[in-house]
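Just entry_2.txt here, compact mmCIF, C-alpha atoms:
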```txt
# COMPACT_ATOMS: atom_id res chain seq x y z
CA MET A 1 0.00 0.00 0.00
CA LEU A 2 1.06 3.60 -0.52
CA ASN A 3 0.96 4.14 3.24
CA THR A 4 3.50 1.37 3.90
CA LEU A 5 6.55 3.66 3.86
CA MET A 6 4.92 6.01 6.31
CA GLU A 7 3.92 3.19 8.65
CA GLU A 8 7.47 1.83 8.64
CA THR A 9 9.23 5.12 9.39
CA ARG A 10 7.00 7.38 11.47
CA GLU A 11 6.92 7.27 15.25
CA VAL A 12 3.91 5.70 16.88
CA VAL A 13 3.28 8.92 18.79
CA ALA A 14 5.06 12.15 17.87
CA PRO A 15 6.75 13.76 20.90
CA ASP A 16 4.82 17.00 20.48
CA LEU A 17 1.50 15.38 19.57
CA ARG A 18 -0.26 16.85 22.59
CA GLU A 19 0.77 20.42 21.79
CA GLN A 20 -0.17 20.16 18.11
CA TYR A 21 -3.39 18.28 18.85
CA VAL A 22 -4.65 20.91 21.29
CA GLU A 23 -3.58 23.73 18.96
CA ALA A 24 -5.37 22.15 16.00
CA PHE A 25 -8.46 21.49 18.11
CA THR A 26 -8.71 25.13 19.17
CA TRP A 27 -8.51 26.22 15.51
CA MET A 28 -11.23 23.68 14.65
CA LEU A 29 -13.38 25.02 17.46
CA LEU A 30 -12.88 28.64 16.42
CA ALA A 31 -13.65 27.78 12.79
CA ARG A 32 -16.86 25.93 13.70
CA ILE A 33 -18.13 28.81 15.83
CA VAL A 34 -17.24 31.57 13.36
CA GLU A 35 -18.95 29.65 10.56
CA GLU A 36 -22.06 29.25 12.68
CA LYS A 37 -22.01 33.03 13.06
CA LEU A 38 -21.60 33.50 9.29
CA ALA A 39 -24.53 31.17 8.65
CA SER A 40 -26.76 33.16 11.00
CA LEU A 41 -25.70 36.43 9.37
CA TRP A 42 -26.49 35.00 5.93
CA ARG A 43 -29.94 33.84 7.07
CA ALA A 44 -30.55 37.33 8.44
CA GLY A 45 -29.75 38.83 5.04
CA LYS A 46 -26.54 40.49 6.22
CA ILE A 47 -24.27 38.65 3.76
CA ALA A 48 -24.59 38.70 -0.02
CA GLY A 49 -23.61 35.65 -2.05
CA GLY A 50 -23.09 32.16 -0.74
CA VAL A 51 -21.81 30.96 2.61
CA TYR A 52 -19.87 27.69 2.49
CA LEU A 53 -19.26 25.81 5.71
CA GLY A 54 -16.54 23.29 6.53
CA LYS A 55 -18.51 21.37 9.16
CA GLY A 56 -17.06 17.87 9.32
CA GLN A 57 -13.86 18.81 7.51
CA GLU A 58 -12.11 20.89 10.17
CA ALA A 59 -9.66 18.16 11.24
CA ILE A 60 -8.20 17.78 7.74
CA SER A 61 -7.96 21.53 7.26
CA ALA A 62 -6.41 22.35 10.63
CA ALA A 63 -3.95 19.46 10.50
CA ILE A 64 -2.26 20.53 7.28
CA ALA A 65 -2.10 24.20 8.26
CA VAL A 66 -0.49 23.65 11.67
CA MET A 67 2.32 21.77 9.91
CA LEU A 68 3.18 24.78 7.77
CA LYS A 69 5.72 27.44 8.70
CA PRO A 70 5.21 31.21 8.33
CA ASP A 71 7.30 31.37 5.14
CA ASP A 72 5.48 28.46 3.49
CA ILE A 73 2.72 28.80 0.88
CA PHE A 74 -0.91 27.88 1.44
CA GLY A 75 -3.81 27.75 -0.99
CA PRO A 76 -7.01 26.92 0.95
CA LEU A 77 -10.37 25.86 -0.41
CA ILE A 78 -13.91 27.02 0.41
CA ARG A 79 -14.24 24.71 3.43
CA ASP A 80 -10.81 25.43 4.88
CA GLN A 81 -11.75 28.00 7.51
CA ALA A 82 -9.88 26.04 10.18
CA GLY A 83 -6.77 25.95 8.01
CA ARG A 84 -7.06 29.63 7.12
CA LEU A 85 -7.15 30.62 10.77
CA ALA A 86 -4.30 28.26 11.68
CA PHE A 87 -2.18 29.75 8.90
CA GLY A 88 -2.70 33.23 10.32
CA GLU A 89 -5.85 34.72 8.83
CA PRO A 90 -7.20 37.38 11.24
CA LEU A 91 -10.78 36.86 12.36
CA ALA A 92 -11.58 40.36 11.15
CA ASP A 93 -10.64 39.39 7.58
CA VAL A 94 -13.27 36.64 7.62
CA PHE A 95 -16.02 39.20 8.21
CA ARG A 96 -14.42 41.89 6.04
CA ASN A 97 -14.59 39.74 2.92
CA HIS A 98 -18.10 38.52 3.64
CA PHE A 99 -19.29 42.11 4.13
CA GLY A 100 -17.24 43.56 1.26
CA THR A 101 -15.52 46.27 3.29
CA LEU A 102 -12.78 48.58 2.09
CA THR A 103 -10.52 47.07 4.72
CA SER A 104 -10.78 43.54 3.31
CA PRO A 105 -7.76 42.03 1.52
CA SER A 106 -9.46 42.63 -1.86
CA ARG A 107 -10.90 46.04 -0.83
CA GLY A 108 -14.37 44.61 -1.34
CA ARG A 109 -13.65 43.74 -4.97
CA ASP A 110 -14.11 39.98 -4.82
CA GLY A 111 -16.40 37.28 -3.48
CA ASN A 112 -16.25 36.26 0.15
CA VAL A 113 -14.41 32.95 -0.42
CA HIS A 114 -11.83 34.52 -2.75
CA ARG A 115 -9.66 35.99 -0.06
CA GLY A 116 -5.98 35.85 0.75
CA ARG A 117 -2.77 37.83 1.14
CA PRO A 118 -0.43 36.63 -1.63
CA LYS A 119 2.56 38.62 -0.39
CA GLU A 120 2.37 36.58 2.81
CA GLY A 121 2.15 33.25 0.98
CA TYR A 122 -1.60 33.00 1.61
CA HIS A 123 -3.19 32.64 -1.82
CA SER A 124 -6.72 33.52 -2.70
CA MET A 125 -8.91 30.73 -4.00
CA ILE A 126 -9.72 31.00 -7.70
CA SER A 127 -11.97 27.99 -8.02
CA HIS A 128 -12.67 24.82 -6.10
CA LEU A 129 -12.03 22.80 -9.28
CA GLY A 130 -8.26 22.34 -9.11
CA SER A 131 -6.95 25.72 -10.21
CA LEU A 132 -5.08 26.45 -7.00
CA ILE A 133 -2.72 23.52 -7.48
CA SER A 134 -1.12 25.32 -10.41
CA VAL A 135 -1.08 28.61 -8.47
CA VAL A 136 0.80 27.11 -5.51
CA ALA A 137 3.06 25.15 -7.87
CA GLY A 138 3.83 28.37 -9.73
CA ALA A 139 4.57 30.17 -6.47
CA LEU A 140 7.02 27.40 -5.52
CA LEU A 141 8.71 27.65 -8.91
CA ALA A 142 9.01 31.42 -8.46
CA ARG A 143 10.68 30.87 -5.09
CA ARG A 144 13.05 28.39 -6.73
CA PHE A 145 13.98 30.88 -9.45
CA GLN A 146 14.77 33.38 -6.68
CA GLY A 147 17.08 30.89 -5.02
CA ASP A 148 14.70 30.11 -2.13
CA THR A 149 14.21 26.38 -1.66
CA SER A 150 13.31 26.45 2.02
CA ALA A 151 9.54 26.73 1.63
CA ILE A 152 6.96 24.08 0.89
CA GLY A 153 3.46 24.63 -0.44
CA ALA A 154 0.14 23.06 0.42
CA THR A 155 -3.22 23.31 -1.21
CA CYS A 156 -6.56 21.59 -0.80
CA ILE A 157 -9.06 20.18 -3.25
CA GLY A 158 -12.29 18.22 -3.08
CA ASP A 159 -12.98 14.77 -4.49
CA GLY A 160 -14.84 16.22 -7.46
CA GLY A 161 -11.97 18.52 -8.38
CA THR A 162 -9.67 15.53 -8.94
CA SER A 163 -11.59 14.77 -12.13
CA THR A 164 -10.72 18.10 -13.76
CA GLY A 165 -8.05 18.92 -16.30
CA ALA A 166 -6.60 21.58 -14.01
CA PHE A 167 -5.87 18.92 -11.40
CA HIS A 168 -4.09 16.68 -13.91
CA GLU A 169 -2.03 19.40 -15.56
CA ALA A 170 -0.88 20.98 -12.31
CA LEU A 171 -0.07 17.74 -10.52
CA ASN A 172 1.82 16.47 -13.56
CA LEU A 173 3.89 19.67 -13.63
CA ALA A 174 4.58 19.48 -9.90
CA ALA A 175 5.71 15.86 -10.25
CA VAL A 176 8.02 16.56 -13.20
CA GLU A 177 9.58 19.53 -11.38
CA LYS A 178 9.71 17.59 -8.09
CA LEU A 179 8.17 20.54 -6.27
CA PRO A 180 7.78 20.44 -2.47
CA LEU A 181 4.00 20.51 -2.79
CA VAL A 182 1.43 18.79 -0.59
CA VAL A 183 -1.97 18.30 -2.22
CA VAL A 184 -4.71 17.51 0.27
CA VAL A 185 -7.78 15.86 -1.23
CA THR A 186 -10.81 15.99 1.04
CA ASN A 187 -13.13 13.21 -0.06
CA ASN A 188 -16.38 14.34 1.56
CA GLN A 189 -18.37 11.87 -0.57
CA TYR A 190 -20.04 14.45 -2.82
CA ALA A 191 -18.99 16.86 -5.57
CA TYR A 192 -21.85 19.24 -4.89
CA SER A 193 -24.62 16.66 -5.35
CA THR A 194 -22.68 13.99 -7.30
CA PRO A 195 -21.74 10.95 -5.17
CA ASN A 196 -18.39 9.17 -5.38
CA ASN A 197 -19.73 6.27 -7.45
CA ARG A 198 -20.61 8.70 -10.25
CA GLN A 199 -17.28 10.55 -10.06
CA PHE A 200 -14.48 8.00 -10.31
CA ALA A 201 -14.00 4.27 -10.85
CA CYS A 202 -10.77 3.72 -8.91
CA ARG A 203 -10.98 2.04 -5.51
CA ASN A 204 -9.51 5.02 -3.69
CA LEU A 205 -8.48 8.44 -4.94
CA VAL A 206 -5.04 7.95 -3.40
CA ASP A 207 -4.39 5.32 -6.08
CA ARG A 208 -4.04 8.17 -8.55
CA ALA A 209 -0.77 9.25 -6.92
CA VAL A 210 1.06 6.31 -8.47
CA GLY A 211 0.17 7.48 -11.97
CA TYR A 212 1.94 10.78 -11.36
CA GLY A 213 4.98 9.16 -9.80
CA ILE A 214 4.38 10.79 -6.43
CA GLU A 215 3.83 9.54 -2.90
CA GLY A 216 0.30 9.26 -1.58
CA TYR A 217 -1.36 8.52 1.75
CA SER A 218 -4.86 7.88 3.05
CA MET A 219 -6.16 9.14 6.35
CA ASP A 220 -9.34 9.18 8.39
CA GLY A 221 -10.62 12.73 8.05
CA THR A 222 -12.75 12.38 11.18
CA ASP A 223 -9.75 11.53 13.39
CA LEU A 224 -7.57 14.55 14.21
CA ARG A 225 -4.72 12.38 15.47
CA ASP A 226 -4.55 10.45 12.21
CA CYS A 227 -4.75 13.70 10.23
CA LEU A 228 -1.89 15.24 12.22
CA GLU A 229 0.35 12.20 11.85
CA VAL A 230 -0.21 11.89 8.12
CA ALA A 231 0.10 15.65 7.55
CA ARG A 232 3.32 15.72 9.58
CA TYR A 233 4.81 12.88 7.57
CA ALA A 234 3.80 14.30 4.17
CA THR A 235 5.06 17.81 4.94
CA ASP A 236 8.34 16.39 6.27
CA ARG A 237 8.76 14.35 3.07
CA ALA A 238 8.08 17.40 0.90
CA ARG A 239 10.44 19.53 2.97
CA SER A 240 13.25 16.97 2.72
CA GLY A 241 13.26 16.78 -1.08
CA HIS A 242 10.93 13.88 -1.88
CA GLY A 243 8.76 15.87 -4.27
CA PRO A 244 4.97 16.24 -4.30
CA GLN A 245 2.90 14.46 -1.69
CA MET A 246 -0.76 13.60 -2.03
CA ILE A 247 -3.04 13.06 0.95
CA VAL A 248 -6.61 11.79 0.73
CA GLY A 249 -8.74 12.32 3.81
CA THR A 250 -12.13 10.61 4.02
CA CYS A 251 -15.02 12.28 5.81
CA LEU A 252 -18.55 13.50 5.13
CA ARG A 253 -19.66 17.03 4.47
CA LEU A 254 -22.08 17.57 7.37
CA THR A 255 -23.90 20.44 5.67
CA GLY A 256 -25.21 21.21 2.23
CA HIS A 257 -22.90 22.50 -0.49
CA ALA A 258 -23.71 25.97 0.87
CA GLU A 259 -26.29 27.47 3.20
CA HIS A 260 -28.80 27.68 0.33
CA ASP A 261 -28.55 23.89 -0.22
CA ASP A 262 -30.58 21.55 2.01
CA ALA A 263 -28.44 18.48 1.10
CA SER A 264 -31.58 16.41 0.45
CA TYR A 265 -29.62 14.33 -2.08
CA VAL A 266 -27.18 12.99 0.56
CA ASP A 267 -27.63 9.32 1.39
CA LYS A 268 -28.74 9.45 5.03
CA LYS A 269 -27.08 6.08 5.69
CA LEU A 270 -23.71 7.82 5.38
CA LEU A 271 -24.41 9.80 8.53
CA SER A 272 -24.41 6.62 10.63
CA ARG A 273 -21.23 5.27 9.06
CA PHE A 274 -17.62 5.91 10.03
CA ALA A 275 -17.11 8.83 7.65
CA GLY A 276 -20.18 10.56 9.05
CA ARG A 277 -18.64 11.17 12.48
CA ASP A 278 -18.20 14.77 13.60
CA CYS A 279 -14.44 15.35 13.79
CA LEU A 280 -14.85 18.14 16.35
CA GLN A 281 -16.75 15.90 18.77
CA ILE A 282 -14.26 13.08 18.25
CA ALA A 283 -11.33 15.41 18.93
CA GLY A 284 -12.93 16.86 22.06
CA SER A 285 -13.58 13.39 23.45
CA TYR A 286 -10.00 12.33 22.70
CA ILE A 287 -8.57 15.37 24.52
CA GLN A 288 -10.60 14.48 27.59
CA SER A 289 -9.66 10.79 27.42
CA GLN A 290 -5.97 11.78 27.38
CA GLN A 291 -6.59 14.18 30.28
CA TRP A 292 -5.15 17.08 28.27
CA ALA A 293 -8.22 19.13 29.18
CA ASP A 294 -11.55 18.53 30.86
CA GLN A 295 -15.00 19.60 29.76
CA SER A 296 -14.82 22.84 31.74
CA GLN A 297 -11.60 23.81 29.97
CA ILE A 298 -13.16 23.06 26.57
CA GLU A 299 -16.13 25.24 27.54
CA ARG A 300 -13.73 28.06 28.41
CA TRP A 301 -12.13 27.70 24.98
CA LYS A 302 -15.57 27.97 23.44
CA GLU A 303 -16.41 31.10 25.39
CA LYS A 304 -13.07 32.66 24.48
CA ALA A 305 -13.71 31.90 20.80
CA LYS A 306 -17.19 33.42 20.97
CA TYR A 307 -15.84 36.57 22.61
CA GLU A 308 -13.11 37.00 19.98
CA ILE A 309 -15.62 36.46 17.17
CA GLU A 310 -18.10 38.99 18.53
CA GLU A 311 -15.29 41.49 19.09
CA ALA A 312 -14.03 41.08 15.50
CA LEU A 313 -17.56 41.29 14.11
CA ALA A 314 -18.32 44.49 16.01
CA LYS A 315 -15.10 46.05 14.74
CA VAL A 316 -15.76 45.17 11.11
CA GLN A 317 -19.36 46.39 11.25
CA ARG A 318 -17.98 49.87 11.94
CA GLU A 319 -15.63 49.81 8.93
CA PRO A 320 -16.53 51.45 5.59
CA HIS A 321 -17.87 49.49 2.64
CA SER A 322 -16.60 49.82 -0.90
CA ASP A 323 -18.60 52.20 -3.12
CA PRO A 324 -18.32 51.87 -6.93
CA LYS A 325 -19.49 55.46 -7.36
CA GLU A 326 -16.49 56.84 -5.52
CA GLU A 327 -13.68 54.44 -6.37
CA THR A 328 -11.51 53.68 -9.35
CA TRP A 329 -12.14 49.99 -9.78
CA CYS A 330 -9.24 47.84 -10.91
CA PRO A 331 -7.74 44.38 -10.45
CA TYR A 332 -5.81 43.76 -7.26
CA ALA A 333 -2.41 43.67 -8.95
CA THR A 334 -2.60 46.95 -10.89
CA GLY A 335 -0.42 49.91 -10.06
CA VAL A 336 -3.33 52.04 -8.90
CA LEU A 337 -4.29 49.54 -6.22
CA ALA A 338 -0.68 48.88 -5.30
CA ARG A 339 -0.16 52.58 -4.56
CA THR A 340 -3.17 52.64 -2.27
CA GLU A 341 -2.18 49.50 -0.41
CA ARG A 342 -2.15 50.00 3.32
```

Could I get this file's structure written as structure tokens?
Amino acid sequence: MLNTLMEETREVVAPDLREQYVEAFTWMLLARIVEEKLASLWRAGKIAGGVYLGKGQEAISAAIAVMLKPDDIFGPLIRDQAGRLAFGEPLADVFRNHFGTLTSPSRGRDGNVHRGRPKEGYHSMISHLGSLISVVAGALLARRFQGDTSAIGATCIGDGGTSTGAFHEALNLAAVEKLPLVVVVTNNQYAYSTPNNRQFACRNLVDRAVGYGIEGYSMDGTDLRDCLEVARYATDRARSGHGPQMIVGTCLRLTGHAEHDDASYVDKKLLSRFAGRDCLQIAGSYIQSQQWADQSQIERWKEKAKYEIEEALAKVQREPHSDPKEETWCPYATGVLARTER
């Protein structure tokens, strides 16, 4: 199996597992609560456009992000709120982009999921259909041309996106160039409303790694410990010169495609199966079983997260919105916008 090498060489328990586990859990918790707030704001008519939640996918997202260093490159997907926060996205930016304020990274010029700070290695999502793999691969090549080979890159994609041409072209390029790129595939069982059995015929998406000549690993996307161990191993392999790494995490999207989608097409039997477990609940129970924190401590983390979210929301609600009647509209990268950058 593709996971054999990892099983033979990784430690049974990483020495700093406790520290990383608790850190990742707090990012998962913060992401879940802030997304619940976004959903309520959308239902109240305070947010234009769609709101896409990562409920059930937080463990995969947080695990890869906590393994990255500040100078690395990250290209998150629509359900990667946990990873975005772990990589350093300020809570205020979450609300700024959803409200379209002048203080948002795009100055209110782009949709709420298309947010990032490229100069800081945090790339804005173009599409959930594989496009970001080429963006992160290109950023790694640019670093190489500049003589910087210290950074690795990571990007995320859904199961449906693995069937696109963008996925194939970018992964093939990354493999040929032996780029230090980690591609995280979150198999949440549905590409919008299309189930796995109508998407691909291979037994497991990780089998595709062999065709590109890269290393691939499977992990339980509902188990934070498994996600951390696999993400640690894959990022270490990429960082030590072993080329692209592909991770496939299996879970279930516990919401509709977006808040406007009732997910009526989802096979309800999946909810009672292994992949249908709530990764946040599993992680909280594991922390208590290891006596790393008790229920009262977890409740304090929740209250702290709620306070920080409300504080950030109140701040952003006082900030000005973009106004097309008063501004010179232009793409982010033009000279006009560059001169006005704060």

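Using all atoms listed in the file, the smallest distance between any of A:Asn97, A:Ser193, A:Ser61, A:Thr26 and Tyr265 (chain A) comes from A:Ser193.
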
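Between CA of Tyr217 (chain A) and CA of Val248 (chain A) the interatomic distance comes to 6.3 Å.
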
Q: One decimal, Å: what's the distance from CA of Gly130 (chain A) over to CA of Ser106 (chain A), could you say?
A: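 Going from CA of Gly130 (chain A) over to CA of Ser106 (chain A) covers 21.6 Å.
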
Could you list, with a cut-off of 6 Å and counting all atoms listed in the file, the residues of region 240-283 of chain A near region 183-186 of chain A, each shown with its nearest atom pair and the distance in Å rounded to one decimal, rows sorted by chain and ascending number, as a tab-separated table?
```
residue	atom	partner	partner_atom	distance
A:Met246	CA	A:Val183	CA	4.9
A:Ile247	CA	A:Val184	CA	4.8
A:Val248	CA	A:Val185	CA	4.7
A:Gly249	CA	A:Thr186	CA	5.0
```

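Nearest residue to Gly50 (chain A) among A:Val113, A:Ala82, A:Val230, A:Val34 is A:Val113, counting only C-alpha atoms.
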
Q: Would you kindly return, as a PyMOL selection string, each protein, DNA or RNA residue with an atom no farther than 7 Å from any atom of region 53-60 of chain A, considering only C-alpha atoms and excluding same-chain residues fewer than 4 positions away?
A: chain A and resi 28+32+35+64+79-82+221-224+227+249+251-255+258+278-279

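Shortest separation to Ala48 (chain A) among A:Gly100, A:Pro244, A:Pro195, A:Gly121 occurs at residue A:Gly100, atoms counted being only C-alpha atoms.
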
Q.
Quick check, in Å to one decimal: how far apart do CA of Glu169 (chain A) and CA of Val136 (chain A) lie?
A. 13.0 Å

**Q.** Exercise: Arg237 (chain A) partners within 10 Å, all atoms listed in the file, chain neighbours under 3 positions left out, as a PyMOL selection string
**A.** chain A and resi 6+180-182+215+231-234+240-245

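With all atoms listed in the file as the atoms that count, the minimum distance from Lys37 (chain A) to the choices A:Ala174, A:Leu205, A:Pro105, A:Leu91 is reached by A:Leu91.
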